[in-house]
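Printed here is upload.txt (compact mmCIF, C-alpha atoms):
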```txt
# COMPACT_ATOMS: atom_id res chain seq x y z
CA MET A 25 -12.38 -10.09 7.43
CA GLY A 26 -11.83 -13.69 6.49
CA LEU A 27 -15.11 -14.75 8.01
CA ASN A 28 -17.80 -15.90 5.71
CA ARG A 29 -19.98 -12.90 6.18
CA ASP A 30 -22.65 -13.90 3.73
CA GLY A 31 -22.70 -17.47 4.97
CA VAL A 32 -23.59 -16.38 8.45
CA ASN A 33 -26.69 -14.50 7.53
CA THR A 34 -27.97 -16.28 4.45
CA GLN A 35 -30.58 -18.22 6.35
CA ASP A 36 -31.90 -15.10 8.02
CA ILE A 37 -32.24 -13.34 4.71
CA PHE A 38 -34.15 -16.23 3.25
CA GLU A 39 -36.45 -16.35 6.23
CA ALA A 40 -37.04 -12.63 6.05
CA GLN A 41 -37.85 -12.90 2.40
CA ASP A 42 -40.17 -15.84 2.94
CA MET A 43 -42.15 -13.89 5.44
CA GLY A 44 -42.60 -11.10 2.96
CA TYR A 45 -42.92 -7.45 3.63
CA SER A 46 -46.70 -7.31 3.86
CA GLY A 47 -46.93 -10.11 6.37
CA GLY A 48 -45.66 -7.94 9.18
CA HIS A 49 -42.52 -8.33 11.20
CA LYS A 50 -42.67 -11.59 13.02
CA GLY A 51 -39.12 -11.41 14.11
CA ILE A 52 -36.84 -14.36 14.28
CA GLU A 53 -37.20 -16.27 17.47
CA MET A 54 -33.79 -16.91 18.86
CA GLY A 55 -33.14 -18.05 22.35
CA GLY A 56 -36.75 -17.72 23.41
CA GLY A 57 -37.08 -14.10 22.39
CA GLY A 58 -34.46 -12.62 24.66
CA PRO A 59 -30.80 -12.19 24.06
CA THR A 60 -28.79 -15.13 25.26
CA PHE A 61 -25.13 -15.89 25.56
CA LEU A 62 -25.23 -17.61 22.16
CA THR A 63 -27.02 -14.86 20.25
CA THR A 64 -25.03 -12.03 21.70
CA LYS A 65 -21.80 -13.79 20.86
CA ILE A 66 -23.01 -14.47 17.33
CA ASP A 67 -24.04 -10.83 17.04
CA PHE A 68 -20.62 -9.81 18.18
CA VAL A 69 -18.80 -11.96 15.67
CA VAL A 70 -21.13 -11.20 12.77
CA ASN A 71 -21.11 -7.48 13.36
CA TRP A 72 -17.36 -7.43 13.83
CA ALA A 73 -16.90 -9.19 10.52
CA ARG A 74 -19.35 -6.99 8.74
CA LYS A 75 -18.16 -3.66 9.96
CA ASN A 76 -14.55 -4.40 9.18
CA SER A 77 -15.10 -5.57 5.64
CA LEU A 78 -17.45 -2.99 4.18
CA TRP A 79 -17.03 -2.70 0.46
CA PRO A 80 -18.16 0.66 -0.86
CA MET A 81 -20.02 1.07 -4.10
CA PRO A 82 -18.89 4.48 -5.36
CA PHE A 83 -21.67 6.43 -7.02
CA GLY A 84 -19.66 9.56 -7.71
CA THR A 85 -21.24 12.18 -9.91
CA ALA A 86 -19.51 15.44 -9.01
CA CYS A 87 -16.77 17.10 -7.01
CA CYS A 88 -17.63 15.01 -3.91
CA ALA A 89 -16.32 12.04 -5.87
CA ILE A 90 -12.90 13.70 -5.96
CA GLU A 91 -12.90 13.82 -2.17
CA MET A 92 -14.10 10.22 -2.10
CA MET A 93 -11.16 9.24 -4.29
CA ALA A 94 -8.86 11.19 -2.01
CA SER A 95 -10.28 9.24 0.93
CA ALA A 96 -9.35 6.01 -0.77
CA ALA A 97 -5.90 7.22 -1.71
CA SER A 98 -2.85 6.77 0.45
CA ASN A 99 -3.04 10.00 2.45
CA PHE A 100 -6.30 9.06 4.12
CA ASP A 101 -6.37 5.39 3.20
CA LEU A 102 -9.90 4.14 3.56
CA ALA A 103 -8.49 0.64 3.53
CA ARG A 104 -7.55 1.10 7.19
CA PHE A 105 -11.24 0.71 8.01
CA GLY A 106 -11.81 -2.41 5.96
CA MET A 107 -12.98 -0.59 2.87
CA GLU A 108 -10.10 -2.03 0.99
CA ARG A 109 -11.83 -2.49 -2.30
CA MET A 110 -14.06 -0.05 -4.11
CA SER A 111 -16.61 -2.38 -5.59
CA PHE A 112 -17.63 -1.13 -8.99
CA SER A 113 -20.34 -3.73 -9.17
CA PRO A 114 -23.37 -3.30 -6.92
CA ARG A 115 -23.62 -7.07 -6.51
CA GLN A 116 -20.50 -7.23 -4.40
CA ALA A 117 -20.98 -3.97 -2.51
CA ASP A 118 -22.15 -3.23 1.02
CA VAL A 119 -22.17 0.57 1.21
CA LEU A 120 -23.52 2.82 -1.50
CA ILE A 121 -21.67 6.12 -1.31
CA CYS A 122 -23.67 8.62 -3.32
CA ALA A 123 -21.20 11.45 -3.82
CA GLY A 124 -22.48 14.37 -5.80
CA ARG A 125 -25.58 15.81 -7.37
CA VAL A 126 -28.13 13.45 -8.85
CA PRO A 127 -30.33 14.73 -11.67
CA TYR A 128 -33.73 13.21 -12.29
CA LYS A 129 -32.38 11.53 -15.39
CA LEU A 130 -29.96 9.60 -13.20
CA ALA A 131 -32.49 8.80 -10.47
CA PRO A 132 -33.58 5.42 -11.90
CA VAL A 133 -29.92 4.43 -12.20
CA LEU A 134 -29.32 5.20 -8.53
CA ARG A 135 -32.45 3.29 -7.53
CA ARG A 136 -31.50 0.34 -9.73
CA THR A 137 -28.02 0.29 -8.25
CA TYR A 138 -29.49 0.23 -4.76
CA ASP A 139 -31.98 -2.49 -5.70
CA GLN A 140 -29.18 -4.62 -7.14
CA MET A 141 -27.06 -4.50 -4.01
CA MET A 142 -27.10 -7.55 -1.78
CA GLN A 143 -28.38 -7.46 1.76
CA PRO A 144 -27.13 -6.25 4.15
CA LYS A 145 -26.57 -2.82 2.60
CA TRP A 146 -26.16 0.74 3.76
CA VAL A 147 -26.27 4.10 2.02
CA VAL A 148 -24.12 7.17 2.65
CA SER A 149 -25.34 10.44 1.19
CA MET A 150 -22.18 12.46 0.76
CA GLY A 151 -22.33 16.23 0.40
CA ALA A 152 -25.01 18.89 0.30
CA CYS A 153 -26.28 18.05 -3.18
CA ALA A 154 -26.90 14.38 -2.55
CA SER A 155 -28.44 15.11 0.83
CA SER A 156 -30.73 17.99 -0.10
CA GLY A 157 -30.17 19.12 -3.67
CA GLY A 158 -27.79 21.77 -2.38
CA VAL A 159 -27.80 25.00 -4.33
CA PHE A 160 -29.35 23.23 -7.30
CA ASP A 161 -33.00 23.88 -6.50
CA THR A 162 -33.92 23.53 -10.17
CA TYR A 163 -36.13 21.61 -12.55
CA SER A 164 -33.63 18.86 -13.20
CA MET A 165 -32.27 17.96 -9.77
CA VAL A 166 -33.32 15.37 -7.24
CA GLN A 167 -33.87 17.25 -3.98
CA GLY A 168 -32.10 14.78 -1.75
CA ILE A 169 -31.52 11.15 -2.59
CA ASP A 170 -33.56 10.16 0.46
CA THR A 171 -36.56 10.58 -1.82
CA ILE A 172 -35.13 7.82 -4.02
CA VAL A 173 -33.37 5.40 -1.68
CA PRO A 174 -33.25 5.00 2.10
CA VAL A 175 -30.21 6.76 3.54
CA ASP A 176 -28.32 5.75 6.68
CA VAL A 177 -25.78 8.53 7.08
CA TYR A 178 -25.70 12.05 5.68
CA VAL A 179 -22.28 13.66 5.41
CA PRO A 180 -22.63 17.45 5.19
CA GLY A 181 -20.19 19.65 3.36
CA CYS A 182 -19.61 21.07 -0.07
CA PRO A 183 -17.71 18.89 -0.60
CA PRO A 184 -16.92 17.19 2.72
CA ARG A 185 -13.30 16.61 3.43
CA PRO A 186 -12.07 13.01 3.46
CA GLU A 187 -12.15 13.09 7.26
CA GLY A 188 -15.87 13.81 7.02
CA LEU A 189 -16.52 10.86 4.78
CA ILE A 190 -14.42 8.60 6.95
CA TYR A 191 -16.34 9.78 10.00
CA GLY A 192 -19.61 9.02 8.22
CA LEU A 193 -18.41 5.55 7.35
CA MET A 194 -17.30 5.00 10.95
CA MET A 195 -20.82 5.95 12.03
CA ILE A 196 -22.07 3.19 9.75
CA GLN A 197 -19.64 0.85 11.46
CA GLU A 198 -21.06 1.82 14.82
CA LYS A 199 -24.56 1.32 13.51
CA ILE A 200 -23.58 -2.16 12.44
CA ARG A 201 -21.99 -2.82 15.80
CA GLU A 202 -25.32 -2.20 17.54
CA GLU A 203 -27.33 -4.51 15.31
CA THR A 204 -28.63 -7.82 16.59
CA LEU A 205 -29.81 -10.84 14.72
CA ALA A 206 -33.03 -10.71 16.72
CA ASP A 207 -34.34 -7.72 14.79
CA HIS A 208 -32.67 -8.82 11.62
CA SER A 209 -35.89 -9.40 9.73
CA GLU A 210 -37.08 -5.91 10.52
CA LEU A 211 -33.81 -4.32 9.49
CA ARG A 212 -33.49 -6.24 6.30
CA SER A 213 -37.05 -6.58 5.07
CA GLU A 214 -37.56 -5.36 1.54
CA ASP A 215 -40.62 -5.49 -0.61
CA PRO A 216 -39.70 -6.68 -4.11
CA ASP A 217 -42.68 -4.78 -5.48
CA ARG A 218 -41.15 -1.57 -4.20
CA ALA A 219 -38.13 -1.92 -6.48
CA GLY A 220 -37.69 1.09 -8.71
CA LEU A 221 -40.27 3.19 -6.86
CA PRO A 222 -39.63 6.38 -4.88
CA GLU A 223 -38.54 5.83 -1.32
CA ALA A 224 -40.58 8.71 0.06
CA GLY A 225 -44.26 9.42 -0.41
CA ASP A 226 -45.71 12.41 -2.23
CA GLU A 227 -46.17 14.52 0.87
CA ASP A 228 -42.70 13.75 2.11
CA ILE A 229 -41.12 14.62 -1.21
CA SER A 230 -43.03 17.89 -1.38
CA ALA A 231 -42.08 18.81 2.16
CA LEU A 232 -38.45 17.88 1.65
CA SER A 233 -38.03 19.60 -1.67
CA GLY A 234 -40.04 22.77 -1.37
CA PRO A 235 -38.06 25.97 -1.74
CA PHE A 236 -35.26 25.62 0.79
CA GLY A 237 -37.19 22.60 1.98
CA ASN A 238 -34.51 20.70 3.78
CA SER A 239 -33.52 23.85 5.68
CA THR A 240 -36.95 25.05 6.75
CA GLN A 241 -38.58 21.69 7.39
CA GLN A 242 -36.29 20.60 10.15
CA GLU A 243 -39.03 19.66 12.59
CA TYR A 244 -40.84 17.72 9.93
CA LEU A 245 -37.62 16.08 8.98
CA THR A 246 -36.91 15.05 12.53
CA GLY A 247 -40.13 13.16 12.64
CA LEU A 248 -39.62 11.75 9.19
CA ALA A 249 -36.15 10.39 9.38
CA GLN A 250 -35.82 8.01 12.26
CA THR A 251 -32.24 8.64 13.08
CA LYS A 252 -30.68 7.69 16.31
CA ARG A 253 -27.60 9.37 17.61
CA PRO A 254 -25.07 6.64 18.03
CA ASP A 255 -23.94 6.10 21.57
CA ARG A 256 -20.25 6.36 21.78
CA PRO A 257 -19.26 3.96 24.47
CA LYS A 258 -15.67 3.82 25.45
CA ASP A 259 -15.00 0.39 24.06
CA LEU A 260 -14.85 1.14 20.38
CA LEU A 261 -12.80 -1.99 19.84
CA PRO A 262 -12.63 -4.52 18.40
CA MET B 11 -5.86 39.84 -35.23
CA ALA B 12 -6.23 40.40 -38.94
CA GLU B 13 -8.75 42.91 -40.18
CA ASN B 14 -12.08 41.20 -40.67
CA ASN B 15 -13.44 41.92 -44.15
CA THR B 16 -16.39 39.60 -43.73
CA ILE B 17 -18.99 42.24 -42.97
CA ASP B 18 -18.33 44.23 -46.13
CA ALA B 19 -18.29 41.10 -48.25
CA LEU B 20 -21.55 39.91 -46.70
CA LYS B 21 -23.18 43.26 -47.40
CA ASN B 22 -22.08 43.14 -51.03
CA VAL B 23 -23.44 39.66 -51.62
CA PHE B 24 -26.54 39.61 -49.37
CA SER B 25 -27.45 43.27 -49.21
CA GLU B 26 -31.01 43.02 -47.90
CA SER B 27 -30.55 40.01 -45.63
CA ILE B 28 -27.78 41.55 -43.55
CA LEU B 29 -29.77 43.55 -41.00
CA HIS B 30 -27.08 45.14 -38.87
CA HIS B 31 -23.86 44.29 -37.13
CA GLU B 32 -21.88 45.16 -34.02
CA ILE B 33 -18.49 44.54 -32.44
CA ASN B 34 -18.59 42.82 -29.06
CA ALA B 35 -15.83 42.28 -26.54
CA GLY B 36 -13.17 44.10 -28.50
CA ASP B 37 -12.98 42.16 -31.71
CA GLN B 38 -15.94 39.78 -31.93
CA CYS B 39 -18.01 40.56 -35.03
CA VAL B 40 -21.70 39.92 -34.51
CA VAL B 41 -23.87 40.02 -37.63
CA PHE B 42 -27.65 39.94 -37.45
CA VAL B 43 -29.11 38.28 -40.54
CA SER B 44 -32.59 37.51 -41.73
CA PRO B 45 -33.68 34.07 -40.47
CA SER B 46 -35.19 33.14 -43.81
CA GLN B 47 -31.75 33.44 -45.46
CA ASN B 48 -29.68 31.66 -42.83
CA THR B 49 -28.66 28.58 -44.85
CA GLU B 50 -27.71 30.65 -47.92
CA ILE B 51 -25.55 33.02 -45.91
CA LEU B 52 -23.91 30.33 -43.82
CA SER B 53 -23.13 28.05 -46.74
CA TRP B 54 -21.65 31.02 -48.61
CA LEU B 55 -19.51 31.82 -45.56
CA ARG B 56 -18.22 28.28 -45.57
CA GLU B 57 -17.66 27.81 -49.30
CA GLU B 58 -16.29 31.24 -50.26
CA PRO B 59 -12.47 30.92 -50.36
CA THR B 60 -11.88 34.39 -49.00
CA GLN B 61 -14.00 33.58 -45.93
CA SER B 62 -13.94 29.76 -45.46
CA TYR B 63 -15.55 29.62 -42.05
CA ASP B 64 -15.18 25.86 -41.96
CA LEU B 65 -15.64 25.21 -38.25
CA LEU B 66 -19.02 25.54 -36.58
CA VAL B 67 -18.01 26.11 -32.98
CA ASP B 68 -21.46 26.33 -31.49
CA VAL B 69 -25.14 26.67 -32.18
CA THR B 70 -27.05 28.12 -29.28
CA ALA B 71 -29.87 30.50 -28.50
CA VAL B 72 -30.66 33.40 -26.21
CA ASP B 73 -34.09 34.16 -24.78
CA PHE B 74 -34.43 37.64 -23.33
CA GLY B 75 -38.01 37.22 -22.16
CA GLU B 76 -40.59 40.01 -22.09
CA GLY B 77 -41.79 39.07 -25.57
CA LEU B 78 -38.46 40.03 -27.15
CA PRO B 79 -37.37 37.90 -30.08
CA LEU B 80 -35.32 34.80 -29.38
CA GLN B 81 -31.85 34.81 -30.94
CA VAL B 82 -30.36 31.75 -32.57
CA VAL B 83 -26.58 32.10 -32.49
CA TYR B 84 -24.06 30.50 -34.84
CA GLN B 85 -20.47 30.83 -33.70
CA LEU B 86 -18.06 30.28 -36.58
CA TRP B 87 -14.30 29.97 -36.86
CA SER B 88 -12.14 30.03 -39.94
CA LEU B 89 -9.18 27.69 -39.58
CA LYS B 90 -7.61 29.13 -42.71
CA HIS B 91 -7.86 32.83 -41.89
CA LYS B 92 -8.07 32.49 -38.11
CA ASN B 93 -11.17 34.65 -37.98
CA SER B 94 -14.15 34.23 -35.73
CA LEU B 95 -17.65 35.36 -36.60
CA ARG B 96 -20.95 35.27 -34.79
CA ILE B 97 -24.15 35.12 -36.83
CA LYS B 98 -27.44 35.82 -35.08
CA CYS B 99 -30.96 35.21 -36.33
CA GLU B 100 -33.84 36.75 -34.43
CA LEU B 101 -37.02 34.68 -34.28
CA GLU B 102 -40.39 35.82 -33.03
CA ILE B 103 -41.30 33.96 -29.87
CA GLU B 104 -44.62 32.83 -31.37
CA ASN B 105 -43.00 31.22 -34.41
CA LEU B 106 -39.73 29.51 -33.51
CA THR B 107 -38.86 27.84 -36.80
CA ILE B 108 -35.64 28.11 -38.75
CA LYS B 109 -33.94 26.06 -41.43
CA THR B 110 -31.35 23.53 -40.31
CA VAL B 111 -27.67 23.87 -41.13
CA THR B 112 -26.88 20.16 -40.77
CA SER B 113 -26.36 19.98 -44.55
CA ILE B 114 -23.53 22.53 -44.21
CA TRP B 115 -21.88 21.31 -40.99
CA LYS B 116 -22.53 17.78 -39.75
CA SER B 117 -21.69 18.95 -36.25
CA ALA B 118 -24.84 21.06 -36.21
CA ASP B 119 -26.89 17.90 -35.63
CA TRP B 120 -26.53 17.57 -31.86
CA LEU B 121 -26.12 21.30 -31.31
CA GLU B 122 -29.47 21.96 -32.94
CA ARG B 123 -31.02 19.12 -30.98
CA GLU B 124 -29.83 20.83 -27.81
CA VAL B 125 -31.34 24.15 -28.87
CA TYR B 126 -34.57 22.38 -29.74
CA ASP B 127 -34.56 20.56 -26.40
CA LEU B 128 -33.92 23.56 -24.19
CA PHE B 129 -35.50 26.41 -26.19
CA GLY B 130 -38.09 24.74 -28.41
CA VAL B 131 -36.70 26.09 -31.68
CA GLU B 132 -37.85 23.86 -34.50
CA PHE B 133 -35.17 23.27 -37.14
CA ILE B 134 -36.86 22.53 -40.45
CA GLY B 135 -35.18 19.69 -42.31
CA HIS B 136 -33.21 18.36 -39.33
CA PRO B 137 -32.67 14.61 -39.80
CA ASP B 138 -33.25 13.57 -36.16
CA LEU B 139 -34.90 16.35 -34.19
CA ARG B 140 -35.58 14.95 -30.72
CA ARG B 141 -34.56 15.78 -27.19
CA ILE B 142 -30.91 15.24 -26.32
CA LEU B 143 -30.46 16.34 -22.68
CA MET B 144 -33.88 16.03 -21.11
CA PRO B 145 -35.58 12.63 -21.03
CA LYS B 146 -37.62 11.70 -24.05
CA THR B 147 -40.73 11.56 -21.89
CA TYR B 148 -40.16 15.04 -20.45
CA ASP B 149 -43.50 16.84 -20.66
CA GLU B 150 -42.82 20.13 -18.93
CA GLY B 151 -41.67 22.13 -21.94
CA HIS B 152 -38.35 23.72 -22.77
CA PRO B 153 -36.44 24.57 -19.59
CA LEU B 154 -34.19 27.43 -20.70
CA ARG B 155 -37.05 29.60 -21.92
CA LYS B 156 -37.63 32.65 -19.77
CA ASP B 157 -41.29 31.70 -19.22
CA PHE B 158 -40.26 28.35 -17.73
CA PRO B 159 -40.50 28.20 -13.92
CA LEU B 160 -37.15 27.45 -12.27
CA ARG B 161 -38.36 24.36 -10.43
CA GLY B 162 -40.32 22.97 -13.36
CA ARG B 163 -44.04 22.80 -13.95
CA PHE B 164 -44.86 19.61 -12.08
CA SER B 165 -44.65 18.98 -8.36
CA ARG B 166 -41.49 17.39 -7.04
CA ALA B 167 -43.42 14.22 -6.25
CA GLU B 168 -44.66 13.98 -9.82
CA GLN B 169 -41.19 14.70 -11.15
CA THR B 170 -39.71 11.98 -8.94
CA ARG B 171 -42.34 9.48 -10.01
CA ARG B 172 -41.82 10.27 -13.66
CA ALA B 173 -38.04 10.11 -13.29
CA LEU B 174 -38.17 6.66 -11.73
CA SER B 175 -40.51 5.34 -14.39
CA GLN B 176 -37.96 5.98 -17.14
CA ASP B 177 -37.04 3.06 -19.30
CA TYR B 178 -34.15 2.48 -21.63
CA HIS B 179 -36.64 2.54 -24.48
CA ASP B 180 -37.02 6.24 -23.71
CA TYR B 181 -33.41 6.85 -24.66
CA TYR B 182 -32.70 4.62 -27.61
CA THR B 183 -34.39 4.21 -30.96
CA GLU B 184 -35.39 0.77 -32.15
CA GLU B 185 -32.44 0.71 -34.56
CA MET B 186 -29.99 1.44 -31.75
CA LEU B 187 -31.49 -1.33 -29.64
CA GLU B 188 -31.19 -3.76 -32.53
CA ILE B 189 -27.50 -2.91 -32.88
CA GLY B 190 -26.94 -3.31 -29.17
CA GLY B 191 -28.88 -6.55 -28.93
CA GLU B 192 -31.26 -7.57 -26.21
CA PRO B 193 -30.10 -6.95 -22.65
CA ALA B 194 -28.84 -10.03 -20.87
CA VAL B 195 -31.33 -9.44 -18.07
CA SER B 196 -34.58 -7.85 -19.07
CA SER B 197 -35.23 -4.76 -17.04
CA PRO B 198 -38.48 -4.59 -15.11
CA LYS B 199 -40.89 -2.13 -16.61
CA TYR B 200 -41.62 0.11 -13.69
CA ASP B 201 -45.29 0.66 -13.08
CA THR B 202 -46.06 4.24 -12.19
CA ASP B 203 -49.57 3.44 -10.97
CA LYS B 204 -48.43 1.51 -7.95
CA GLY B 205 -48.61 4.52 -5.71
CA ASN B 206 -46.13 5.71 -3.17
CA ALA B 207 -44.55 4.69 0.03
CA SER B 208 -46.53 5.45 3.14
```

Could you express the structure from this file as structure tokens?
Amino acid sequence: MGLNRDGVNTQDIFEAQDMGYSGGHKGIEMGGGGPTFLTTKIDFVVNWARKNSLWPMPFGTACCAIEMMASAASNFDLARFGMERMSFSPRQADVLICAGRVPYKLAPVLRRTYDQMMQPKWVVSMGACASSGGVFDTYSMVQGIDTIVPVDVYVPGCPPRPEGLIYGLMMIQEKIREETLADHSELRSEDPDRAGLPEAGDEDISALSGPFGNSTQQEYLTGLAQTKRPDRPKDLLP
Amino acid sequence: MAENNTIDALKNVFSESILHHEINAGDQCVVFVSPSQNTEILSWLREEPTQSYDLLVDVTAVDFGEGLPLQVVYQLWSLKHKNSLRIKCELEIENLTIKTVTSIWKSADWLEREVYDLFGVEFIGHPDLRRILMPKTYDEGHPLRKDFPLRGRFSRAEQTRRALSQDYHDYYTEEMLEIGGEPAVSSPKYDTDKGNAS
């Protein structure tokens, strides 16, 4: 936790930004392209530091936020997992926890908050409403925040219990643990021109948010969202 | 609850304009009045010492659909006599205009803006009649009307694009922005013509 997390990856971020999004993913050449003793050890240290000092940015808009607060309180104690400090500024946050329903009027705020967060950053969509619009299939509701921002982990439930949120955040930790600096530029590339624009295209939004869209479009969704089930190897530590 | 003498008094003073009345939910007096006389009746109800309905609890509206008239509802409460009264004005769906009551109760300002926003009732003489809940740039109509489709008139993609192209200028008047001063960091004006992600 004391490691200089930002210092380790600053150069990579700058290189990724220099290359630009449109220029394609060149990848950062480290150790002749393959993983070496040096890079794997750096990966290990960097990922260990990152996953144990995630600072959540709470974006709580509804009852899910109550469960999120309960997760941070002493009974469940999110601080055990390194999420010691709820960062109420997006500039110092690593994980955006969108807890609750998001109306269209709030959509630019969510997108701006995401755009303002520093790399590396992750997004948790907590609850049915944030993930799919939930029961609010109406004129004013965003049908899943994945149309607005890229989402890493969806936590189902209405609202999910604190255990559910903690499990979702631990999945983020495992995702971090599997990252390598070699594909850093691909993971972290962002197009500045895309700031403030919808994350999904027109067809995707229509398919996701048709009547009962997220329930009936499962096959489409599977192809759309490139999720990978995290392997759960025995050595969860450190 | 004390016996409510309001209906008889109203009939004595505004004989023609009081259309009919009913008792709802046990003791709630509901009086249907002529919409053209709404400010006269409501200001009398407030000023008359024997009535003194000095608290405007709510202004709302009911749309029954099927071409039935839309009801504008004024819910009143008398702090002095501890009486409640509900005044209803029925408006034809083709002509949703009614006089404002902001000169009688200041609190009617935002309540009438809400009714205008969600039902499209135009309050004549309102000092600041603009949307209050939906975005200023909302172009799909008035969502609580019965003829409004549940999911809105535009596609979800169009709604998302429009939502993300909102700007703070859509929410604040120039005077408000002058009071607040210029933002420390100017916000990028989102360009809606840039297309979508692929």

Distance-based interface of chain A with chain B, 10 Å, counting only C-alpha atoms, as a ChimeraX atom specification: /A:127-136,160-167,171-172,217-235

What box, with edges along x, y and z, holds each listed atom of segment 159-173 of chain B when 5 Å is added on every side, and can you state its centre and edge lengths in Å to one decimal, as lines of an AutoDock Vina configuration file?
```
center_x = -41.0
center_y = 18.8
center_z = -10.1
size_x = 17.7
size_y = 28.7
size_z = 17.7
```

Atomic distance atom CA of His91 of chain B - atom CA of Leu55 of chain B, expressed in Å with one decimal: 12.3 Å

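In this model, the gap between atom CA of Ser95 of chain A and atom CA of Val69 of chain A comes to 27.2 Å.
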
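Among the candidates A:Ala86, A:Val148, A:Leu189, A:Leu205, the one nearest to Val173 of chain A when counting all atoms listed in the file is A:Val148.
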
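Residue neighbourhood of Ala94 of chain A, excluding near-sequence residues (fewer than 6 positions): Phe100, Asp101, Arg185 and Pro186 of chain A, at 9 Å, using all atoms listed in the file.
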
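Near Asn76 of chain A, within 9 Å and counting only C-alpha atoms, sit A:Met25, A:Phe105, A:Gly106, A:Met107, A:Gln197; same-chain residues fewer than 6 positions away were not included.
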
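Note that atom CA of Glu26 of chain B and atom CA of Asp64 of chain B are 24.1 Å apart.
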
Segment 104-121 of chain B surroundings by all atoms listed in the file, 10 Å radius, close-in-sequence under 4 positions cut, as a VMD selection string: chain B and resid 45 to 50 52 to 54 56 to 57 64 to 70 77 79 to 82 84 99 to 100 125 to 127 129 to 142

Expected answer as a ChimeraX atom specification: all residues with atoms within 6 Å of (-31.0, 14.4, 1.2), only C-alpha atoms: /A:154-156,168-170

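Residue nearest Val175 of chain A within the list A:Ile121, A:Pro216, A:Glu203, A:Val70: A:Ile121 [criterion: smallest interatomic distance, all atoms listed in the file].
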
Protein/DNA/RNA residues near (-17.9, 2.6, -5.0), cut 10 Å, all atoms listed in the file, as a ChimeraX atom specification: /A:79-84,89,92-93,107,109-114,117-123
